[in-house]
$ cat work14.pdb   # PDB, C-alpha atoms
ATOM      1  CA  MET A 283     -98.810  95.119 -21.805
ATOM      2  CA  SER A 284     -95.333  93.864 -22.576
ATOM      3  CA  GLU A 285     -92.996  93.751 -19.602
ATOM      4  CA  LYS A 286     -89.812  95.821 -19.503
ATOM      5  CA  ILE A 287     -86.840  94.551 -17.523
ATOM      6  CA  ILE A 288     -84.970  97.254 -15.624
ATOM      7  CA  ASP A 289     -81.395  96.009 -15.448
ATOM      8  CA  ARG A 290     -80.458  98.338 -12.580
ATOM      9  CA  LEU A 291     -83.549  97.555 -10.479
ATOM     10  CA  ALA A 292     -83.920  94.936  -7.724
ATOM     11  CA  MET A 293     -86.809  94.204  -5.406
ATOM     12  CA  VAL A 294     -86.487  92.704  -1.947
ATOM     13  CA  PHE A 295     -89.143  91.390   0.423
ATOM     14  CA  PRO A 296     -89.087  91.691   4.239
ATOM     15  CA  GLY A 297     -89.518  88.840   6.685
ATOM     16  CA  GLN A 298     -90.769  88.422  10.231
ATOM     17  CA  GLY A 299     -90.369  91.460  12.448
ATOM     18  CA  SER A 300     -91.728  93.950   9.903
ATOM     19  CA  GLN A 301     -95.377  93.107  10.603
ATOM     20  CA  SER A 302     -97.667  95.527  12.409
ATOM     21  CA  VAL A 303    -101.377  95.773  13.094
ATOM     22  CA  GLY A 304    -102.921  97.977  10.404
ATOM     23  CA  MET A 305    -100.188  97.413   7.805
ATOM     24  CA  LEU A 306    -101.097  98.386   4.215
ATOM     25  CA  GLY A 307    -104.351  99.937   5.485
ATOM     26  CA  ASP A 308    -103.784 103.245   3.702
ATOM     27  CA  MET A 309    -103.227 101.515   0.341
ATOM     28  CA  VAL A 310    -106.349  99.384   0.179
ATOM     29  CA  ASP A 311    -108.898 101.944  -1.119
ATOM     30  CA  ALA A 312    -106.806 102.827  -4.169
ATOM     31  CA  ASN A 313    -105.602  99.257  -4.722
ATOM     32  CA  PRO A 314    -108.433  96.700  -4.664
ATOM     33  CA  SER A 315    -105.955  93.919  -5.434
ATOM     34  CA  ILE A 316    -104.745  94.101  -1.813
ATOM     35  CA  LYS A 317    -107.995  92.847  -0.306
ATOM     36  CA  LYS A 318    -108.342  90.319  -3.111
ATOM     37  CA  THR A 319    -104.876  88.970  -2.313
ATOM     38  CA  PHE A 320    -105.684  88.682   1.397
ATOM     39  CA  SER A 321    -108.986  87.011   0.526
ATOM     40  CA  GLU A 322    -107.102  84.363  -1.471
ATOM     41  CA  ALA A 323    -104.846  83.729   1.518
ATOM     42  CA  SER A 324    -107.836  83.567   3.884
ATOM     43  CA  ASN A 325    -109.381  80.831   1.754
ATOM     44  CA  VAL A 326    -106.244  78.738   2.261
ATOM     45  CA  LEU A 327    -105.855  79.473   5.969
ATOM     46  CA  GLY A 328    -109.490  79.149   7.015
ATOM     47  CA  TYR A 329    -109.684  82.509   8.809
ATOM     48  CA  ASP A 330    -109.955  86.176   7.797
ATOM     49  CA  LEU A 331    -106.318  87.204   7.454
ATOM     50  CA  TRP A 332    -107.101  90.814   6.483
ATOM     51  CA  ASP A 333    -109.198  91.260   9.627
ATOM     52  CA  ARG A 334    -106.413  89.822  11.758
ATOM     53  CA  VAL A 335    -103.821  92.092  10.136
ATOM     54  CA  GLN A 336    -105.998  95.193  10.526
ATOM     55  CA  GLN A 337    -107.566  94.502  13.932
ATOM     56  CA  GLY A 338    -105.040  92.275  15.695
ATOM     57  CA  PRO A 339    -104.599  91.505  18.495
ATOM     58  CA  GLU A 340    -100.874  92.068  18.105
ATOM     59  CA  ASP A 341     -99.834  88.983  20.052
ATOM     60  CA  LEU A 342    -101.877  86.782  17.697
ATOM     61  CA  LEU A 343    -100.409  88.442  14.591
ATOM     62  CA  ASN A 344     -96.933  87.944  16.058
ATOM     63  CA  GLN A 345     -97.314  84.178  16.451
ATOM     64  CA  THR A 346     -95.008  82.739  13.829
ATOM     65  CA  ALA A 347     -97.633  80.523  12.158
ATOM     66  CA  CYS A 348     -99.728  83.668  11.561
ATOM     67  CA  THR A 349     -96.899  86.130  10.915
ATOM     68  CA  GLN A 350     -95.431  84.079   8.097
ATOM     69  CA  PRO A 351     -98.538  83.933   5.865
ATOM     70  CA  ALA A 352     -99.395  87.538   6.795
ATOM     71  CA  MET A 353     -96.012  88.867   5.660
ATOM     72  CA  LEU A 354     -95.984  86.688   2.539
ATOM     73  CA  THR A 355     -99.450  87.937   1.598
ATOM     74  CA  ALA A 356     -98.566  91.563   2.267
ATOM     75  CA  GLY A 357     -95.470  91.336   0.067
ATOM     76  CA  VAL A 358     -97.378  89.682  -2.781
ATOM     77  CA  ALA A 359    -100.128  92.303  -2.429
ATOM     78  CA  VAL A 360     -97.636  95.158  -2.841
ATOM     79  CA  TRP A 361     -96.068  93.363  -5.826
ATOM     80  CA  ARG A 362     -99.527  93.118  -7.418
ATOM     81  CA  CYS A 363    -100.084  96.843  -6.817
ATOM     82  CA  TRP A 364     -96.860  97.438  -8.687
ATOM     83  CA  THR A 365     -97.655  95.171 -11.634
ATOM     84  CA  ALA A 366    -101.112  96.777 -11.964
ATOM     85  CA  GLN A 367     -99.574 100.226 -12.403
ATOM     86  CA  THR A 368     -96.445  99.654 -14.493
ATOM     87  CA  ASP A 369     -94.919  97.203 -16.941
ATOM     88  CA  CYS A 370     -91.446  97.727 -15.433
ATOM     89  CA  ARG A 371     -89.968  94.648 -13.769
ATOM     90  CA  PRO A 372     -86.787  94.118 -11.723
ATOM     91  CA  SER A 373     -83.838  92.149 -13.035
ATOM     92  CA  VAL A 374     -83.355  90.285  -9.735
ATOM     93  CA  LEU A 375     -85.271  89.504  -6.539
ATOM     94  CA  ALA A 376     -84.422  88.445  -2.991
ATOM     95  CA  GLY A 377     -86.160  88.192   0.350
ATOM     96  CA  HIS A 378     -84.913  88.319   3.915
ATOM     97  CA  SER A 379     -85.594  84.916   5.492
ATOM     98  CA  LEU A 380     -89.351  84.369   5.054
ATOM     99  CA  GLY A 381     -89.274  87.048   2.338
ATOM    100  CA  GLU A 382     -87.463  84.567   0.097
ATOM    101  CA  TYR A 383     -90.779  82.743  -0.326
ATOM    102  CA  THR A 384     -92.445  86.003  -1.368
ATOM    103  CA  ALA A 385     -89.711  86.548  -3.944
ATOM    104  CA  LEU A 386     -90.265  83.064  -5.370
ATOM    105  CA  VAL A 387     -94.013  83.680  -5.712
ATOM    106  CA  CYS A 388     -93.400  86.972  -7.503
ATOM    107  CA  ALA A 389     -90.918  85.224  -9.799
ATOM    108  CA  ASN A 390     -93.648  82.685 -10.672
ATOM    109  CA  ALA A 391     -91.627  79.838  -9.168
ATOM    110  CA  MET A 392     -94.673  78.648  -7.212
ATOM    111  CA  SER A 393     -98.315  79.585  -6.862
ATOM    112  CA  PHE A 394     -99.433  82.061  -4.227
ATOM    113  CA  SER A 395    -101.950  79.626  -2.701
ATOM    114  CA  ASP A 396     -99.284  76.923  -2.393
ATOM    115  CA  ALA A 397     -96.918  79.402  -0.756
ATOM    116  CA  VAL A 398     -99.496  80.504   1.841
ATOM    117  CA  GLY A 399    -100.029  76.942   3.019
ATOM    118  CA  LEU A 400     -96.309  76.250   2.826
ATOM    119  CA  VAL A 401     -95.212  79.114   5.077
ATOM    120  CA  GLU A 402     -97.996  78.392   7.572
ATOM    121  CA  LYS A 403     -96.653  74.841   7.779
ATOM    122  CA  ARG A 404     -93.122  76.241   8.056
ATOM    123  CA  GLY A 405     -94.185  78.313  11.053
ATOM    124  CA  HIS A 406     -95.798  75.340  12.770
ATOM    125  CA  GLU A 407     -92.731  73.139  12.217
ATOM    126  CA  MET A 408     -90.419  75.847  13.560
ATOM    127  CA  GLN A 409     -92.500  76.241  16.694
ATOM    128  CA  LYS A 410     -92.713  72.467  17.218
ATOM    129  CA  ALA A 411     -88.929  72.103  16.890
ATOM    130  CA  VAL A 412     -88.248  74.523  19.746
ATOM    131  CA  PRO A 413     -90.964  74.900  22.393
ATOM    132  CA  GLU A 414     -91.879  78.507  23.131
ATOM    133  CA  GLY A 415     -89.682  79.949  25.848
ATOM    134  CA  SER A 416     -86.684  77.687  25.248
ATOM    135  CA  GLY A 417     -85.167  79.595  22.334
ATOM    136  CA  ALA A 418     -84.160  83.230  21.896
ATOM    137  CA  MET A 419     -82.715  85.760  19.473
ATOM    138  CA  ALA A 420     -80.839  89.018  20.037
ATOM    139  CA  ALA A 421     -79.429  91.833  17.926
ATOM    140  CA  ILE A 422     -75.782  92.728  18.458
ATOM    141  CA  LEU A 423     -74.737  96.222  17.410
ATOM    142  CA  GLY A 424     -71.229  97.564  17.027
ATOM    143  CA  LEU A 425     -69.092  94.438  16.641
ATOM    144  CA  SER A 426     -67.579  92.821  13.557
ATOM    145  CA  ASP A 427     -69.008  89.555  12.265
ATOM    146  CA  GLU A 428     -65.892  87.734  13.464
ATOM    147  CA  GLN A 429     -66.178  89.174  16.987
ATOM    148  CA  VAL A 430     -69.816  88.068  17.274
ATOM    149  CA  ILE A 431     -68.965  84.573  16.034
ATOM    150  CA  THR A 432     -66.157  84.298  18.598
ATOM    151  CA  CYS A 433     -68.400  85.508  21.426
ATOM    152  CA  CYS A 434     -71.007  82.892  20.507
ATOM    153  CA  GLU A 435     -68.385  80.143  20.497
ATOM    154  CA  GLN A 436     -67.202  81.207  23.941
ATOM    155  CA  ALA A 437     -70.763  81.440  25.315
ATOM    156  CA  ALA A 438     -72.144  78.149  23.971
ATOM    157  CA  GLN A 439     -70.951  75.858  26.803
ATOM    158  CA  GLY A 440     -72.506  72.816  25.176
ATOM    159  CA  GLU A 441     -75.677  74.605  24.097
ATOM    160  CA  VAL A 442     -76.565  76.266  20.783
ATOM    161  CA  VAL A 443     -75.912  79.935  20.081
ATOM    162  CA  ALA A 444     -74.738  81.290  16.739
ATOM    163  CA  ALA A 445     -74.643  84.340  14.506
ATOM    164  CA  VAL A 446     -77.638  83.836  12.216
ATOM    165  CA  ASN A 447     -78.414  87.110  10.425
ATOM    166  CA  PHE A 448     -75.578  89.111   8.909
ATOM    167  CA  ASN A 449     -77.798  92.124   8.306
ATOM    168  CA  SER A 450     -75.316  94.952   7.808
ATOM    169  CA  PRO A 451     -71.807  95.903   8.914
ATOM    170  CA  GLY A 452     -72.022  96.197  12.696
ATOM    171  CA  GLN A 453     -75.451  94.555  12.986
ATOM    172  CA  VAL A 454     -75.612  90.809  13.548
ATOM    173  CA  VAL A 455     -78.465  88.758  15.013
ATOM    174  CA  ILE A 456     -77.721  85.728  17.178
ATOM    175  CA  ALA A 457     -80.020  82.814  18.039
ATOM    176  CA  GLY A 458     -80.065  79.642  20.097
ATOM    177  CA  ASN A 459     -80.990  78.303  23.520
ATOM    178  CA  VAL A 460     -82.173  81.021  25.916
ATOM    179  CA  LYS A 461     -79.334  80.759  28.436
ATOM    180  CA  ALA A 462     -76.679  80.514  25.723
ATOM    181  CA  VAL A 463     -78.037  83.636  24.014
ATOM    182  CA  GLU A 464     -78.015  85.469  27.342
ATOM    183  CA  ARG A 465     -74.380  84.455  27.923
ATOM    184  CA  ALA A 466     -73.461  85.542  24.402
ATOM    185  CA  MET A 467     -75.081  88.944  24.946
ATOM    186  CA  VAL A 468     -72.928  89.450  28.055
ATOM    187  CA  GLN A 469     -69.870  88.277  26.137
ATOM    188  CA  CYS A 470     -70.592  90.685  23.280
ATOM    189  CA  LYS A 471     -71.006  93.618  25.649
ATOM    190  CA  SER A 472     -67.694  92.746  27.270
ATOM    191  CA  ALA A 473     -66.118  92.696  23.789
ATOM    192  CA  GLY A 474     -67.324  96.254  23.146
ATOM    193  CA  ALA A 475     -70.767  95.891  21.572
ATOM    194  CA  LYS A 476     -72.703  99.153  21.623
ATOM    195  CA  ARG A 477     -75.922  97.301  22.324
ATOM    196  CA  ALA A 478     -77.199  93.748  22.757
ATOM    197  CA  LEU A 479     -80.959  93.715  22.395
ATOM    198  CA  PRO A 480     -83.326  90.762  22.902
ATOM    199  CA  ILE A 481     -85.708  90.255  19.956
ATOM    200  CA  PRO A 482     -89.294  89.338  20.889
ATOM    201  CA  VAL A 483     -89.764  86.156  18.834
ATOM    202  CA  SER A 484     -91.237  82.764  19.596
ATOM    203  CA  VAL A 485     -88.602  80.728  17.716
ATOM    204  CA  PRO A 486     -84.792  80.989  17.287
ATOM    205  CA  SER A 487     -84.616  81.082  13.500
ATOM    206  CA  HIS A 488     -81.670  80.059  11.303
ATOM    207  CA  CYS A 489     -79.672  78.193  13.925
ATOM    208  CA  GLU A 490     -78.945  74.505  14.458
ATOM    209  CA  LEU A 491     -82.052  74.156  16.659
ATOM    210  CA  MET A 492     -84.094  74.457  13.443
ATOM    211  CA  ARG A 493     -82.546  71.423  11.744
ATOM    212  CA  THR A 494     -85.346  69.191  13.047
ATOM    213  CA  ALA A 495     -87.886  71.595  11.552
ATOM    214  CA  ALA A 496     -86.055  71.402   8.216
ATOM    215  CA  GLU A 497     -86.182  67.611   8.286
ATOM    216  CA  GLN A 498     -89.927  67.634   9.006
ATOM    217  CA  PHE A 499     -90.494  70.328   6.388
ATOM    218  CA  THR A 500     -88.828  68.391   3.566
ATOM    219  CA  ASP A 501     -91.884  66.296   2.697
ATOM    220  CA  THR A 502     -93.995  69.439   2.473
ATOM    221  CA  LEU A 503     -91.450  71.135   0.205
ATOM    222  CA  ASN A 504     -91.386  68.051  -2.017
ATOM    223  CA  SER A 505     -95.165  68.202  -2.408
ATOM    224  CA  ILE A 506     -95.092  71.729  -3.855
ATOM    225  CA  ASP A 507     -95.055  72.258  -7.617
ATOM    226  CA  PHE A 508     -92.041  74.530  -8.034
ATOM    227  CA  LYS A 509     -90.914  75.987 -11.366
ATOM    228  CA  VAL A 510     -87.719  77.686 -12.472
ATOM    229  CA  PRO A 511     -88.126  81.384 -11.546
ATOM    230  CA  GLU A 512     -88.879  83.785 -14.387
ATOM    231  CA  ILE A 513     -86.864  86.455 -12.539
ATOM    232  CA  PRO A 514     -83.596  85.414 -10.852
ATOM    233  CA  VAL A 515     -83.919  84.988  -7.065
ATOM    234  CA  ILE A 516     -80.815  85.198  -4.861
ATOM    235  CA  HIS A 517     -81.166  82.725  -1.986
ATOM    236  CA  ASN A 518     -80.262  83.509   1.635
ATOM    237  CA  ALA A 519     -78.225  80.461   2.574
ATOM    238  CA  ASP A 520     -75.706  80.374  -0.289
ATOM    239  CA  VAL A 521     -76.183  83.715  -2.128
ATOM    240  CA  GLU A 522     -76.788  81.792  -5.355
ATOM    241  CA  VAL A 523     -79.406  81.940  -8.093
ATOM    242  CA  HIS A 524     -80.764  78.417  -8.586
ATOM    243  CA  GLN A 525     -82.080  77.171 -11.907
ATOM    244  CA  THR A 526     -83.472  73.769 -10.942
ATOM    245  CA  VAL A 527     -86.447  72.826  -8.806
ATOM    246  CA  ASP A 528     -84.393  70.421  -6.678
ATOM    247  CA  ALA A 529     -81.846  73.140  -5.918
ATOM    248  CA  ILE A 530     -84.597  75.566  -4.897
ATOM    249  CA  ARG A 531     -86.140  73.016  -2.526
ATOM    250  CA  SER A 532     -82.716  72.297  -1.038
ATOM    251  CA  ALA A 533     -81.983  76.005  -0.547
ATOM    252  CA  LEU A 534     -85.318  76.544   1.238
ATOM    253  CA  SER A 535     -84.696  73.598   3.548
ATOM    254  CA  GLN A 536     -81.140  74.715   4.286
ATOM    255  CA  GLN A 537     -82.348  78.255   4.966
ATOM    256  CA  LEU A 538     -84.170  77.125   8.111
ATOM    257  CA  TYR A 539     -80.958  76.317   9.987
ATOM    258  CA  SER A 540     -78.414  78.447   8.087
ATOM    259  CA  PRO A 541     -77.524  82.136   8.504
ATOM    260  CA  VAL A 542     -79.178  84.817   6.399
ATOM    261  CA  ARG A 543     -76.292  86.332   4.437
ATOM    262  CA  TRP A 544     -77.970  89.647   3.717
ATOM    263  CA  VAL A 545     -74.823  91.752   3.333
ATOM    264  CA  ASP A 546     -73.499  89.270   0.769
ATOM    265  CA  THR A 547     -76.869  89.322  -1.010
ATOM    266  CA  ILE A 548     -76.866  93.096  -1.441
ATOM    267  CA  GLN A 549     -73.237  93.039  -2.538
ATOM    268  CA  ALA A 550     -74.123  90.368  -5.116
ATOM    269  CA  MET A 551     -76.803  92.709  -6.430
ATOM    270  CA  SER A 552     -74.284  95.536  -6.660
ATOM    271  CA  SER A 553     -72.001  93.281  -8.705
ATOM    272  CA  ARG A 554     -74.923  92.851 -11.132
ATOM    273  CA  GLY A 555     -75.108  96.621 -11.619
ATOM    274  CA  ILE A 556     -78.093  97.214  -9.328
ATOM    275  CA  ASP A 557     -78.338 100.824  -8.175
ATOM    276  CA  THR A 558     -82.045 101.050  -7.255
ATOM    277  CA  LEU A 559     -83.597  98.745  -4.680
ATOM    278  CA  LEU A 560     -87.264  98.611  -3.714
ATOM    279  CA  GLU A 561     -88.380  97.030  -0.435
ATOM    280  CA  MET A 562     -91.815  95.606  -1.260
ATOM    281  CA  GLY A 563     -93.974  95.188   1.825
ATOM    282  CA  PRO A 564     -94.552  96.418   5.371
ATOM    283  CA  GLY A 565     -91.886  98.306   7.283
ATOM    284  CA  LYS A 566     -88.607  99.749   6.092
ATOM    285  CA  VAL A 567     -86.038  97.504   7.737
ATOM    286  CA  LEU A 568     -84.288  96.416   4.540
ATOM    287  CA  ALA A 569     -84.162  99.924   3.082
ATOM    288  CA  GLY A 570     -82.566 101.050   6.347
ATOM    289  CA  LEU A 571     -79.982  98.264   6.225
ATOM    290  CA  ASN A 572     -79.009  99.308   2.722
ATOM    291  CA  LYS A 573     -77.803 102.659   4.003
ATOM    292  CA  ARG A 574     -75.131 100.751   5.919
ATOM    293  CA  ILE A 575     -74.375  98.097   3.288
ATOM    294  CA  ASP A 576     -74.167 100.069   0.030
ATOM    295  CA  LYS A 577     -74.618 103.835   0.134
ATOM    296  CA  THR A 578     -74.420 104.011  -3.679
ATOM    297  CA  GLN A 579     -77.784 102.263  -4.025
ATOM    298  CA  THR A 580     -81.055 104.167  -3.833
ATOM    299  CA  ALA A 581     -83.348 102.193  -1.499
ATOM    300  CA  ILE A 582     -87.073 102.949  -1.307
ATOM    301  CA  ALA A 583     -89.547 101.337   1.095
ATOM    302  CA  VAL A 584     -92.815 100.588  -0.724
ATOM    303  CA  ASN A 585     -95.041 100.201   2.317
ATOM    304  CA  ASN A 586     -97.746 102.804   1.675
ATOM    305  CA  ALA A 587     -99.271 104.910  -1.108
ATOM    306  CA  ALA A 588     -96.551 107.558  -0.943
ATOM    307  CA  GLY A 589     -93.796 104.946  -1.108
ATOM    308  CA  LEU A 590     -95.398 103.303  -4.133
ATOM    309  CA  GLN A 591     -95.579 106.606  -5.986
ATOM    310  CA  LYS A 592     -91.988 107.483  -5.064
ATOM    311  CA  ALA A 593     -90.834 104.114  -6.410
ATOM    312  CA  LEU A 594     -92.804 104.502  -9.636
ATOM    313  CA  ASP A 595     -91.313 107.962 -10.177
ATOM    314  CA  ALA A 596     -87.773 106.686  -9.553
ATOM    315  CA  VAL A 597     -88.062 103.702 -11.894
ATOM    316  CA  THR A 598     -89.407 105.720 -14.828
ATOM    317  CA  LYS A 599     -85.993 107.411 -14.986
ATOM    318  CA  LEU A 600     -84.106 104.125 -15.406
ATOM    319  CA  PRO A 601     -83.317 102.581 -18.820
ATOM    320  CA  THR A 602     -85.350  99.514 -19.782
ATOM    321  CA  THR A 603     -84.799  96.300 -21.687
ATOM    322  CA  GLU A 604     -87.760  94.904 -23.661
TER     323      GLU A 604
END
$ encode --input "work14.pdb" --output "structure tokens"
Amino acid sequence: MSEKIIDRLAMVFPGQGSQSVGMLGDMVDANPSIKKTFSEASNVLGYDLWDRVQQGPEDLLNQTACTQPAMLTAGVAVWRCWTAQTDCRPSVLAGHSLGEYTALVCANAMSFSDAVGLVEKRGHEMQKAVPEGSGAMAAILGLSDEQVITCCEQAAQGEVVAAVNFNSPGQVVIAGNVKAVERAMVQCKSAGAKRALPIPVSVPSHCELMRTAAEQFTDTLNSIDFKVPEIPVIHNADVEVHQTVDAIRSALSQQLYSPVRWVDTIQAMSSRGIDTLLEMGPGKVLAGLNKRIDKTQTAIAVNNAAGLQKALDAVTKLPTTE
């Protein structure tokens, strides 16, 4: 069937933190492509990824070298459910952190099997760069971006702590060395933050501590056969759509130690005329953020059978471009 581009439609893919034991379980009977997609990933990884996602244990699923391929595979599986049921396609894609890799796969910028191995390697390099227990992340609620940045500067004291995820107005994630993050949390509370919540992760993503991981990851990125995306992908680090393979590789390397500019990404979509946004994959974090970033957009979480049907119903009402 010929594909129809929906100018007002965007799809976004979640990253680490949205995983859960049993995710996508209620979709698998009606969508055989889900198990097939996980089987493809398992062949790359050398273990049964579907069994691990469905049975756990949770602490094993939450290890970054497992979480990253699991979330990538789940996002691609939901995308394949979509493409099996409709010829409607989005006009732009993006992914939050790890989800950027999922977006690139769905845009045919790299093969799924290459991406599975790539994100597993990414997870290993991130963990090697910062030994478990020496890095931390925390969510700061109720302060402006500028206030959080200032608090981090005041709390650093020669260590690393920085604002790394600008998720929505009033919600910023910080990352860095454990003690520096703890000091920054105290500083943020003193500045009036409603809450400062530790995030249970094994690596402090998107801060300067990840630069070593980016350097080690470069050779792996260079070995992957990237192509120019068939659907524009907005990248996290610079909120740009890149049209060359070298620029895509550079953006993925930079992403490891640069903030995720999610608010800017959604605003860039709005400037393109996007008014319907589908979160493709487990959880509903990104759909929830959209309520605080752009209330004019309709955001639907496609994380189960009901969500998929709701999304299909919504998109059929939008005008298409052949």
$ closest_residue --input "work14.pdb" --among "A:Ile582, A:Leu600, A:Ala478, A:Val310" --to "Val360 in chain A" --atoms "all atoms listed in the file"
A:Val310
$ atom_distance --input "work14.pdb" --atom1 "CA of Gln537 in chain A" --atom2 "CA of Lys461 in chain A"
23.8 Å
$ closest_residue --input "work14.pdb" --among "A:Gln367, A:Gln439, A:Ser321, A:Ser302" --to "Val335 in chain A" --atoms "only C-alpha atoms"
A:Ser302
$ resolve_selection --input "work14.pdb" --expression "the PyMOL selection byres ((chain A and resi 486) around 8)" --output "VMD selection string"
chain A and resid 412 417 to 419 457 to 459 483 to 485 487 to 489 491 to 492
$ closest_residue --input "work14.pdb" --among "A:Gln345, A:Gln453, A:Ser535, A:Gln591" --to "Gly299 in chain A" --atoms "only C-alpha atoms"
A:Gln345
$ closest_residue --input "work14.pdb" --among "A:Thr355, A:Asn447, A:Gln429, A:Gln436" --to "Leu327 in chain A" --atoms "all atoms listed in the file"
A:Thr355
$ closest_residue --input "work14.pdb" --among "A:Leu568, A:Val597, A:Leu343, A:Leu538" --to "Thr494 in chain A" --atoms "all atoms listed in the file"
A:Leu538
$ resolve_selection --input "work14.pdb" --expression "the PyMOL selection byres ((chain A and resi 420) around 6)" --output "PyMOL selection string"
chain A and resi 419+421+455-456+479-481
$ write_last_selection --input "work14.pdb" --atoms "C-alpha atoms" --output "compact mmCIF listing (two decimals), keeping the file's coordinate frame"
# COMPACT_ATOMS: atom_id res chain seq x y z
CA MET A 419 -82.72 85.76 19.47
CA ALA A 421 -79.43 91.83 17.93
CA VAL A 455 -78.46 88.76 15.01
CA ILE A 456 -77.72 85.73 17.18
CA LEU A 479 -80.96 93.72 22.40
CA PRO A 480 -83.33 90.76 22.90
CA ILE A 481 -85.71 90.26 19.96
$ residues_near_point --input "work14.pdb" --point "(-72.1, 97.4, -7.4)" --cutoff "12 Å" --atoms "all atoms listed in the file" --output "count of residues only"
22
$ resolve_selection --input "work14.pdb" --expression "the PyMOL selection byres ((chain A and resi 513-518) around 10)" --output "number ranges by chain"
A: 287, 292-294, 371-383, 385-386, 388-391, 447, 510-512, 519-525, 530, 533-534, 536-538, 540-544, 546-548, 550-551
$ closest_residue --input "work14.pdb" --among "A:Pro601, A:Pro564, A:Gly589, A:Gly328" --to "Val398 in chain A" --atoms "only C-alpha atoms"
A:Gly328
$ closest_atom_pairs --input "work14.pdb" --of "range 377-416 of chain A" --to "range 496-499 of chain A" --cutoff "9 Å" --atoms "only C-alpha atoms" --output "Markdown table"
| residue | atom | partner | partner_atom | distance |
| --- | --- | --- | --- | --- |
| A:Lys403 | CA | A:Phe499 | CA | 7.8 |
| A:Arg404 | CA | A:Phe499 | CA | 6.7 |
| A:Glu407 | CA | A:Phe499 | CA | 6.8 |
| A:Met408 | CA | A:Ala496 | CA | 8.2 |
$ atom_distance --input "work14.pdb" --atom1 "CA of Ala495 in chain A" --atom2 "CA of Ala356 in chain A"
24.5 Å
$ build_atoms --input "work14.pdb" --residues "range 507-519 of chain A" --atoms "N, CA and C atoms" --output "mmCIF file, in the coordinates of the input"
data_model
loop_
_atom_site.group_PDB
_atom_site.id
_atom_site.type_symbol
_atom_site.label_atom_id
_atom_site.label_comp_id
_atom_site.auth_asym_id
_atom_site.auth_seq_id
_atom_site.Cartn_x
_atom_site.Cartn_y
_atom_site.Cartn_z
ATOM 1 N N ASP A 507 -95.406 72.206 -6.197
ATOM 2 C CA ASP A 507 -95.055 72.258 -7.617
ATOM 3 C C ASP A 507 -94.243 73.519 -7.895
ATOM 4 N N PHE A 508 -92.931 73.403 -7.737
ATOM 5 C CA PHE A 508 -92.041 74.530 -8.034
ATOM 6 C C PHE A 508 -91.740 74.579 -9.532
ATOM 7 N N LYS A 509 -91.389 75.783 -9.992
ATOM 8 C CA LYS A 509 -90.914 75.987 -11.366
ATOM 9 C C LYS A 509 -89.646 76.818 -11.310
ATOM 10 N N VAL A 510 -88.899 76.820 -12.391
ATOM 11 C CA VAL A 510 -87.719 77.686 -12.472
ATOM 12 C C VAL A 510 -88.195 79.138 -12.471
ATOM 13 N N PRO A 511 -87.661 79.994 -11.620
ATOM 14 C CA PRO A 511 -88.126 81.384 -11.546
ATOM 15 C C PRO A 511 -87.970 82.131 -12.872
ATOM 16 N N GLU A 512 -88.956 82.966 -13.173
ATOM 17 C CA GLU A 512 -88.879 83.785 -14.387
ATOM 18 C C GLU A 512 -87.991 85.012 -14.176
ATOM 19 N N ILE A 513 -87.809 85.394 -12.923
ATOM 20 C CA ILE A 513 -86.864 86.455 -12.539
ATOM 21 C C ILE A 513 -85.865 85.814 -11.579
ATOM 22 N N PRO A 514 -84.572 86.028 -11.753
ATOM 23 C CA PRO A 514 -83.596 85.414 -10.852
ATOM 24 C C PRO A 514 -83.860 85.784 -9.390
ATOM 25 N N VAL A 515 -83.758 84.791 -8.507
ATOM 26 C CA VAL A 515 -83.919 84.988 -7.065
ATOM 27 C C VAL A 515 -82.621 84.587 -6.380
ATOM 28 N N ILE A 516 -82.037 85.497 -5.628
ATOM 29 C CA ILE A 516 -80.815 85.198 -4.861
ATOM 30 C C ILE A 516 -81.238 84.620 -3.512
ATOM 31 N N HIS A 517 -80.756 83.425 -3.206
ATOM 32 C CA HIS A 517 -81.166 82.725 -1.986
ATOM 33 C C HIS A 517 -80.290 83.111 -0.799
ATOM 34 N N ASN A 518 -80.914 83.075 0.399
ATOM 35 C CA ASN A 518 -80.262 83.509 1.635
ATOM 36 C C ASN A 518 -79.053 82.674 2.028
ATOM 37 N N ALA A 519 -79.204 81.353 1.951
ATOM 38 C CA ALA A 519 -78.225 80.461 2.574
ATOM 39 C C ALA A 519 -76.904 80.417 1.830
#
